[in-house]
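Q: Here's a structure for you.
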Amino acid sequence: MIQILYFLIKKTFSQKIHTILGSIIDFFPVNFLEKKYVFVRADCDHFGPWRCLYLYCLVQEKDLKKNIICLAKEGTISNYWKNYFKVKNLNIVYNPFLKFIISPFFFSKKLAIDVNPQIPIEFFLKGKKYKNFKTLKYISDNILEEIELPPIEDESRNPSYRKLQSRPYILFYGRFGFWDYSTRPSKRNMPIDIFIEIINFIGKTHNIFLIGDSYKAINFKSDFLFSKKSFQSEKINLAYIYKNADSVIGSVSGATHFPSLIFNKPTLYIADIPLHHIYIYYSFKKNWKNNFNIDNIVIPKNDYWVMINLFNYSYSSLSSKQSYIQETEDFSSLERTIYNFLQNNLNKEKIIDRDNFYDLATKQFKKDKDKYHFYSNYGKILIHKKYKYIF
């Protein structure tokens with residue numbers, strides 16, 4: 001208890017000191033520093049914020065001539081991705097002492113930029129004041145379509161990759177909290193029995209590449225199932241695998257956001273989260289209080305969020321020949337939505353299993369033809385008829 005109290009006091013004191021010092025920096029003319037440096041507020045202490053950092057590097061061309069400074073924790077991203085996204089002027093700081101010394105610059109409104117919306121929203125939800133930092137633009141279709149990725153080596157003649165590409169394949173992720181830096185008990189987790197059921201269902205028409213650590217939940221082999229373990233004998237080219245995948249399906253996590261946004265892949269998120277969490281994946285707002293409403297959730301056209309509580313339909317044993325969850329109307333409705341997504345992932349109307357799901361935005365604006373038409377051209381939040389959502 002004493003150690004926890006000491007940690008909280010130390011953290012609070014440290015934040016206040018850095019905030020004060022950042023404000024002092026802003027009192028001085030620091031134009032010479034603004035021209036040479038930008039301090040990126042990504043807070044890369046787990047995988048998700050790295051997506052924010054690399055998105056920033058890919059879309060903020062004007063800042064690439066500056067020295068980009070970002071703080072991170074060792075081991076929260078693989079060396080593969082650090083080598084692939086090797087930005088010339090990107091400097092990642094891991095050393096705890098050096099991080100403490102330079103932290104005030106990340107609290108300067110003149111020198112810092114917010115790229116991780118999770119940081120300001122946490123302040124808002126706790127009722128704390130937050131500085132008006134520079135931010136990224138709303139992550140829109142135009143921004144995602146203009147991203148130019150680093151060169152990717154062609155693997156089309158490699159037998160291992162040709163086997164993966166023998167059928168259309170998707171990237172699939174089930175979150176279980178296995179990773180050292182994950183929050184283990186989480187509503188974002190996927191029950192393992194449902195994870196396996198979805199794999200067997202998708203495997204009827206598509207090959208599957210398991211991303212992140214989700215392969216650890218599998219104790220069987222199949223001709224349609226692949227993971228990084230399938231490429232143990234050679235240096236795996238994840239960028240090639242991500243780029244050539246048809247789509248992404250899975251739990252809400254940095255593991256799915258990464259290929260969804262950076263590689264601009266059609267994505268079906270299976271989610272049980274407050275709606276404002278969806279909002280912050282795409283947007284920063286100066287005034288969160290006036291922006292938590294359906295009118296402001298404009299989702300890129302490739303993204304679909306299926307809001308459903310999977311733990312209601314999970315069951316503990318797969319020993320029987322026919323799983324209980326396959327027999328339930330609710331799970332079969334999720335299967336139909338997955339099937340529609342895989343077969344018609346660019347046809348907005350056919351994706352929705354209207355017997356069991358409704359589109360949040362178009363239902364809200366069905367009497368307003370202009371808004372209805374506007375939102376029908378974007379991604380969707382699909383609410384299961386038994387799911388009670390909150391903002």
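Simple scheme: letters A, B, ... for chains in structure tokens order, numbers from 1 for residues in each chain, numbers from 1 for ligands in the order shown.
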Quick one: pick out all strand (DSSP E) residues within stretch 115-363 of chain A from a backbone DSSP run and write them as a VMD selection string.

A: chain A and resid 134 to 135 169 to 173 207 to 210 225 to 226 247 to 251 267 to 271 303 to 307 357 to 359

Q: Please produce an output containing N, CA and C atoms for each residue in the selection, written as a PDB file, in the first residue's frame.

A:
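Here's the written file again-v4.pdb:
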ATOM      1  N   LYS A 134      -1.075  21.477 -30.098  1.00  0.00           N
ATOM      2  CA  LYS A 134      -1.316  21.223 -31.517  1.00  0.00           C
ATOM      3  C   LYS A 134      -1.681  19.747 -31.681  1.00  0.00           C
ATOM      4  N   THR A 135      -2.508  19.437 -32.680  1.00  0.00           N
ATOM      5  CA  THR A 135      -2.970  18.057 -32.856  1.00  0.00           C
ATOM      6  C   THR A 135      -2.937  17.656 -34.325  1.00  0.00           C
ATOM      7  N   TYR A 169      -7.073 -13.859 -48.287  1.00  0.00           N
ATOM      8  CA  TYR A 169      -6.835 -14.054 -46.861  1.00  0.00           C
ATOM      9  C   TYR A 169      -7.105 -12.771 -46.083  1.00  0.00           C
ATOM     10  N   ILE A 170      -7.445 -12.966 -44.817  1.00  0.00           N
ATOM     11  CA  ILE A 170      -7.721 -11.838 -43.939  1.00  0.00           C
ATOM     12  C   ILE A 170      -6.748 -11.867 -42.755  1.00  0.00           C
ATOM     13  N   LEU A 171      -6.576 -10.711 -42.126  1.00  0.00           N
ATOM     14  CA  LEU A 171      -5.829 -10.612 -40.878  1.00  0.00           C
ATOM     15  C   LEU A 171      -6.842 -10.708 -39.738  1.00  0.00           C
ATOM     16  N   PHE A 172      -6.597 -11.621 -38.811  1.00  0.00           N
ATOM     17  CA  PHE A 172      -7.550 -11.837 -37.723  1.00  0.00           C
ATOM     18  C   PHE A 172      -6.835 -11.720 -36.382  1.00  0.00           C
ATOM     19  N   TYR A 173      -7.503 -11.041 -35.443  1.00  0.00           N
ATOM     20  CA  TYR A 173      -6.911 -10.868 -34.121  1.00  0.00           C
ATOM     21  C   TYR A 173      -7.964 -11.060 -33.039  1.00  0.00           C
ATOM     22  N   ASN A 207      -8.340 -17.829 -46.318  1.00  0.00           N
ATOM     23  CA  ASN A 207      -7.212 -18.130 -45.451  1.00  0.00           C
ATOM     24  C   ASN A 207      -7.130 -17.057 -44.376  1.00  0.00           C
ATOM     25  N   ILE A 208      -6.460 -17.378 -43.278  1.00  0.00           N
ATOM     26  CA  ILE A 208      -6.393 -16.466 -42.130  1.00  0.00           C
ATOM     27  C   ILE A 208      -4.951 -16.333 -41.668  1.00  0.00           C
ATOM     28  N   PHE A 209      -4.518 -15.101 -41.489  1.00  0.00           N
ATOM     29  CA  PHE A 209      -3.224 -14.838 -40.856  1.00  0.00           C
ATOM     30  C   PHE A 209      -3.504 -14.218 -39.491  1.00  0.00           C
ATOM     31  N   LEU A 210      -3.106 -14.916 -38.430  1.00  0.00           N
ATOM     32  CA  LEU A 210      -3.327 -14.444 -37.066  1.00  0.00           C
ATOM     33  C   LEU A 210      -2.272 -13.404 -36.712  1.00  0.00           C
ATOM     34  N   LEU A 225      -4.881 -21.748 -41.920  1.00  0.00           N
ATOM     35  CA  LEU A 225      -4.504 -20.921 -40.772  1.00  0.00           C
ATOM     36  C   LEU A 225      -3.000 -20.668 -40.759  1.00  0.00           C
ATOM     37  N   PHE A 226      -2.634 -19.372 -40.675  1.00  0.00           N
ATOM     38  CA  PHE A 226      -1.228 -18.978 -40.706  1.00  0.00           C
ATOM     39  C   PHE A 226      -0.948 -17.978 -39.571  1.00  0.00           C
ATOM     40  N   SER A 247      -8.662  -7.900 -45.849  1.00  0.00           N
ATOM     41  CA  SER A 247      -9.298  -7.102 -44.814  1.00  0.00           C
ATOM     42  C   SER A 247      -8.784  -7.523 -43.441  1.00  0.00           C
ATOM     43  N   VAL A 248      -9.305  -6.840 -42.431  1.00  0.00           N
ATOM     44  CA  VAL A 248      -8.938  -7.114 -41.035  1.00  0.00           C
ATOM     45  C   VAL A 248     -10.226  -7.380 -40.258  1.00  0.00           C
ATOM     46  N   ILE A 249     -10.206  -8.390 -39.389  1.00  0.00           N
ATOM     47  CA  ILE A 249     -11.337  -8.682 -38.510  1.00  0.00           C
ATOM     48  C   ILE A 249     -10.790  -8.965 -37.115  1.00  0.00           C
ATOM     49  N   GLY A 250     -11.493  -8.483 -36.077  1.00  0.00           N
ATOM     50  CA  GLY A 250     -11.056  -8.866 -34.744  1.00  0.00           C
ATOM     51  C   GLY A 250     -11.392  -7.902 -33.644  1.00  0.00           C
ATOM     52  N   SER A 251     -10.758  -8.151 -32.499  1.00  0.00           N
ATOM     53  CA  SER A 251     -10.961  -7.354 -31.301  1.00  0.00           C
ATOM     54  C   SER A 251     -10.447  -5.939 -31.489  1.00  0.00           C
ATOM     55  N   THR A 267     -12.007  -3.005 -42.385  1.00  0.00           N
ATOM     56  CA  THR A 267     -11.870  -3.617 -41.063  1.00  0.00           C
ATOM     57  C   THR A 267     -13.235  -3.797 -40.404  1.00  0.00           C
ATOM     58  N   LEU A 268     -13.418  -4.975 -39.820  1.00  0.00           N
ATOM     59  CA  LEU A 268     -14.611  -5.262 -39.036  1.00  0.00           C
ATOM     60  C   LEU A 268     -14.170  -5.472 -37.588  1.00  0.00           C
ATOM     61  N   TYR A 269     -14.462  -4.472 -36.754  1.00  0.00           N
ATOM     62  CA  TYR A 269     -14.143  -4.571 -35.331  1.00  0.00           C
ATOM     63  C   TYR A 269     -15.300  -5.234 -34.602  1.00  0.00           C
ATOM     64  N   ILE A 270     -14.993  -6.198 -33.754  1.00  0.00           N
ATOM     65  CA  ILE A 270     -15.999  -6.829 -32.907  1.00  0.00           C
ATOM     66  C   ILE A 270     -15.798  -6.247 -31.518  1.00  0.00           C
ATOM     67  N   ALA A 271     -16.737  -5.399 -31.076  1.00  0.00           N
ATOM     68  CA  ALA A 271     -16.441  -4.508 -29.956  1.00  0.00           C
ATOM     69  C   ALA A 271     -17.533  -4.497 -28.893  1.00  0.00           C
ATOM     70  N   ASP A 303     -14.202   1.158 -42.435  1.00  0.00           N
ATOM     71  CA  ASP A 303     -14.288   0.653 -41.066  1.00  0.00           C
ATOM     72  C   ASP A 303     -15.725   0.367 -40.637  1.00  0.00           C
ATOM     73  N   TYR A 304     -15.895  -0.779 -39.990  1.00  0.00           N
ATOM     74  CA  TYR A 304     -17.185  -1.181 -39.445  1.00  0.00           C
ATOM     75  C   TYR A 304     -16.988  -1.653 -38.010  1.00  0.00           C
ATOM     76  N   TRP A 305     -17.849  -1.169 -37.130  1.00  0.00           N
ATOM     77  CA  TRP A 305     -17.779  -1.532 -35.719  1.00  0.00           C
ATOM     78  C   TRP A 305     -19.041  -2.314 -35.361  1.00  0.00           C
ATOM     79  N   VAL A 306     -18.882  -3.589 -35.043  1.00  0.00           N
ATOM     80  CA  VAL A 306     -19.994  -4.429 -34.631  1.00  0.00           C
ATOM     81  C   VAL A 306     -20.045  -4.427 -33.107  1.00  0.00           C
ATOM     82  N   MET A 307     -21.070  -3.791 -32.556  1.00  0.00           N
ATOM     83  CA  MET A 307     -21.207  -3.657 -31.113  1.00  0.00           C
ATOM     84  C   MET A 307     -22.049  -4.810 -30.573  1.00  0.00           C
ATOM     85  N   PHE A 357     -29.149  -6.378 -36.418  1.00  0.00           N
ATOM     86  CA  PHE A 357     -28.330  -5.195 -36.196  1.00  0.00           C
ATOM     87  C   PHE A 357     -28.996  -3.966 -36.819  1.00  0.00           C
ATOM     88  N   TYR A 358     -28.681  -2.810 -36.285  1.00  0.00           N
ATOM     89  CA  TYR A 358     -29.077  -1.572 -36.942  1.00  0.00           C
ATOM     90  C   TYR A 358     -27.885  -0.634 -37.007  1.00  0.00           C
ATOM     91  N   ASP A 359     -27.898   0.209 -38.006  1.00  0.00           N
ATOM     92  CA  ASP A 359     -26.833   1.195 -38.216  1.00  0.00           C
ATOM     93  C   ASP A 359     -27.139   2.416 -37.347  1.00  0.00           C
TER      94      ASP A 359
END

Q: Neighbouring residues of A:Asn200 were defined as those with any atom within 12 Å, considering only C-alpha atoms; residues of the same chain fewer than 4 positions away were excluded. Please report them as a list in words.

A: Phe172, Asp193, Ile194, Phe195, Ile196, Lys204, Thr205, His206, Asn207, Ile208, Ile218, Phe220, Lys221, Ser222, Asp223, Phe224, Leu225, Ser323, Gln326 and Glu335 of chain A

Q: Output N, CA and C atoms for every residue in the selection just made, as an mmCIF file, in the first residue's frame.

A:
data_model
loop_
_atom_site.group_PDB
_atom_site.id
_atom_site.type_symbol
_atom_site.label_atom_id
_atom_site.label_comp_id
_atom_site.auth_asym_id
_atom_site.auth_seq_id
_atom_site.Cartn_x
_atom_site.Cartn_y
_atom_site.Cartn_z
ATOM 1 N N PHE A 172 -6.597 -11.621 -38.811
ATOM 2 C CA PHE A 172 -7.550 -11.837 -37.723
ATOM 3 C C PHE A 172 -6.835 -11.720 -36.382
ATOM 4 N N ASP A 193 -13.430 -19.617 -27.044
ATOM 5 C CA ASP A 193 -14.309 -20.509 -27.811
ATOM 6 C C ASP A 193 -14.911 -19.795 -29.014
ATOM 7 N N ILE A 194 -15.267 -18.515 -28.839
ATOM 8 C CA ILE A 194 -15.816 -17.753 -29.964
ATOM 9 C C ILE A 194 -14.717 -17.445 -30.983
ATOM 10 N N PHE A 195 -13.524 -17.167 -30.495
ATOM 11 C CA PHE A 195 -12.364 -16.955 -31.371
ATOM 12 C C PHE A 195 -12.180 -18.153 -32.302
ATOM 13 N N ILE A 196 -12.247 -19.359 -31.753
ATOM 14 C CA ILE A 196 -12.059 -20.567 -32.562
ATOM 15 C C ILE A 196 -13.236 -20.772 -33.511
ATOM 16 N N LYS A 204 -13.815 -21.329 -44.069
ATOM 17 C CA LYS A 204 -14.571 -21.973 -45.145
ATOM 18 C C LYS A 204 -14.352 -21.285 -46.489
ATOM 19 N N THR A 205 -14.076 -19.976 -46.445
ATOM 20 C CA THR A 205 -13.941 -19.217 -47.702
ATOM 21 C C THR A 205 -12.610 -18.482 -47.840
ATOM 22 N N HIS A 206 -11.899 -18.276 -46.710
ATOM 23 C CA HIS A 206 -10.678 -17.466 -46.740
ATOM 24 C C HIS A 206 -9.563 -18.123 -45.924
ATOM 25 N N ASN A 207 -8.340 -17.829 -46.318
ATOM 26 C CA ASN A 207 -7.212 -18.130 -45.451
ATOM 27 C C ASN A 207 -7.130 -17.057 -44.376
ATOM 28 N N ILE A 208 -6.460 -17.378 -43.278
ATOM 29 C CA ILE A 208 -6.393 -16.466 -42.130
ATOM 30 C C ILE A 208 -4.951 -16.333 -41.668
ATOM 31 N N ILE A 218 -4.226 -20.925 -30.019
ATOM 32 C CA ILE A 218 -4.543 -22.029 -30.924
ATOM 33 C C ILE A 218 -3.676 -23.243 -30.610
ATOM 34 N N PHE A 220 -4.233 -26.167 -32.499
ATOM 35 C CA PHE A 220 -4.477 -27.069 -33.614
ATOM 36 C C PHE A 220 -3.920 -26.447 -34.890
ATOM 37 N N LYS A 221 -3.748 -27.242 -35.913
ATOM 38 C CA LYS A 221 -3.248 -26.775 -37.203
ATOM 39 C C LYS A 221 -4.328 -26.934 -38.261
ATOM 40 N N SER A 222 -4.254 -26.062 -39.267
ATOM 41 C CA SER A 222 -5.189 -26.150 -40.388
ATOM 42 C C SER A 222 -4.521 -25.561 -41.624
ATOM 43 N N ASP A 223 -4.886 -26.068 -42.784
ATOM 44 C CA ASP A 223 -4.282 -25.583 -44.029
ATOM 45 C C ASP A 223 -4.597 -24.123 -44.304
ATOM 46 N N PHE A 224 -5.687 -23.608 -43.735
ATOM 47 C CA PHE A 224 -6.069 -22.218 -44.004
ATOM 48 C C PHE A 224 -5.572 -21.245 -42.941
ATOM 49 N N LEU A 225 -4.881 -21.748 -41.920
ATOM 50 C CA LEU A 225 -4.504 -20.921 -40.772
ATOM 51 C C LEU A 225 -3.000 -20.668 -40.759
ATOM 52 N N SER A 323 -21.073 -27.033 -31.278
ATOM 53 C CA SER A 323 -20.975 -26.064 -30.196
ATOM 54 C C SER A 323 -22.301 -25.363 -29.944
ATOM 55 N N GLN A 326 -22.974 -22.053 -31.799
ATOM 56 C CA GLN A 326 -23.389 -22.114 -33.196
ATOM 57 C C GLN A 326 -24.910 -22.213 -33.308
ATOM 58 N N GLU A 335 -22.092 -14.270 -37.354
ATOM 59 C CA GLU A 335 -21.533 -14.980 -38.503
ATOM 60 C C GLU A 335 -22.034 -14.395 -39.816
#

Q: Residues at most 10 Å from A:Phe47, counting only C-alpha atoms, excluding those fewer than 5 positions away in the same chain, as a PyMOL selection string?

A: chain A and resi 52+73+75-78+181-182+212+253-255+258

Q: Which neighbours of A:Asn95 fall inside 12 Å, counting only C-alpha atoms, when residues of the same chain fewer than 2 positions from it are skipped, and could you give them as number ranges by chain?

A: A: 70-74, 92-93, 97-103

Q: Please provide the set of residues having any atom within 12 Å of A:Arg354, restricted to only C-alpha atoms, with same-chain residues fewer than 4 positions apart removed, written as a PyMOL selection string.

A: chain A and resi 333-334+336-337+340+349-350+358-360+363+382-385

Q: Could those selected residues go to a file with N, CA and C atoms, as an mmCIF file, in the first residue's frame?

A:
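The result, written out as part-v2.cif:
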data_model
loop_
_atom_site.group_PDB
_atom_site.id
_atom_site.type_symbol
_atom_site.label_atom_id
_atom_site.label_comp_id
_atom_site.auth_asym_id
_atom_site.auth_seq_id
_atom_site.Cartn_x
_atom_site.Cartn_y
_atom_site.Cartn_z
ATOM 1 N N SER A 333 -26.071 -14.523 -36.059
ATOM 2 C CA SER A 333 -26.207 -13.191 -36.662
ATOM 3 C C SER A 333 -24.843 -12.532 -36.821
ATOM 4 N N LEU A 334 -23.929 -12.788 -35.884
ATOM 5 C CA LEU A 334 -22.558 -12.285 -36.024
ATOM 6 C C LEU A 334 -21.880 -12.963 -37.199
ATOM 7 N N ARG A 336 -23.340 -14.093 -39.876
ATOM 8 C CA ARG A 336 -23.901 -13.525 -41.108
ATOM 9 C C ARG A 336 -23.283 -12.164 -41.407
ATOM 10 N N THR A 337 -23.045 -11.379 -40.359
ATOM 11 C CA THR A 337 -22.420 -10.066 -40.559
ATOM 12 C C THR A 337 -20.991 -10.227 -41.062
ATOM 13 N N ASN A 340 -21.228 -11.299 -44.719
ATOM 14 C CA ASN A 340 -21.572 -10.162 -45.578
ATOM 15 C C ASN A 340 -20.386 -9.230 -45.758
ATOM 16 N N GLU A 349 -24.904 -1.313 -48.013
ATOM 17 C CA GLU A 349 -26.228 -1.754 -47.614
ATOM 18 C C GLU A 349 -26.276 -3.250 -47.313
ATOM 19 N N LYS A 350 -25.517 -4.044 -48.055
ATOM 20 C CA LYS A 350 -25.593 -5.489 -47.892
ATOM 21 C C LYS A 350 -24.863 -5.996 -46.658
ATOM 22 N N TYR A 358 -28.681 -2.810 -36.285
ATOM 23 C CA TYR A 358 -29.077 -1.572 -36.942
ATOM 24 C C TYR A 358 -27.885 -0.634 -37.007
ATOM 25 N N ASP A 359 -27.898 0.209 -38.006
ATOM 26 C CA ASP A 359 -26.833 1.195 -38.216
ATOM 27 C C ASP A 359 -27.139 2.416 -37.347
ATOM 28 N N LEU A 360 -26.265 2.718 -36.415
ATOM 29 C CA LEU A 360 -26.513 3.774 -35.437
ATOM 30 C C LEU A 360 -26.805 5.117 -36.102
ATOM 31 N N LYS A 363 -30.043 5.203 -38.500
ATOM 32 C CA LYS A 363 -31.271 5.106 -37.703
ATOM 33 C C LYS A 363 -31.562 6.450 -37.033
ATOM 34 N N LEU A 382 -22.503 -0.737 -36.112
ATOM 35 C CA LEU A 382 -23.631 -1.653 -36.193
ATOM 36 C C LEU A 382 -23.946 -2.167 -34.793
ATOM 37 N N ILE A 383 -25.120 -1.840 -34.295
ATOM 38 C CA ILE A 383 -25.509 -2.175 -32.929
ATOM 39 C C ILE A 383 -26.398 -3.409 -32.925
ATOM 40 N N HIS A 384 -26.011 -4.421 -32.164
ATOM 41 C CA HIS A 384 -26.867 -5.600 -32.034
ATOM 42 C C HIS A 384 -28.138 -5.213 -31.281
ATOM 43 N N LYS A 385 -29.248 -5.809 -31.668
ATOM 44 C CA LYS A 385 -30.549 -5.412 -31.106
ATOM 45 C C LYS A 385 -30.623 -5.614 -29.588
#
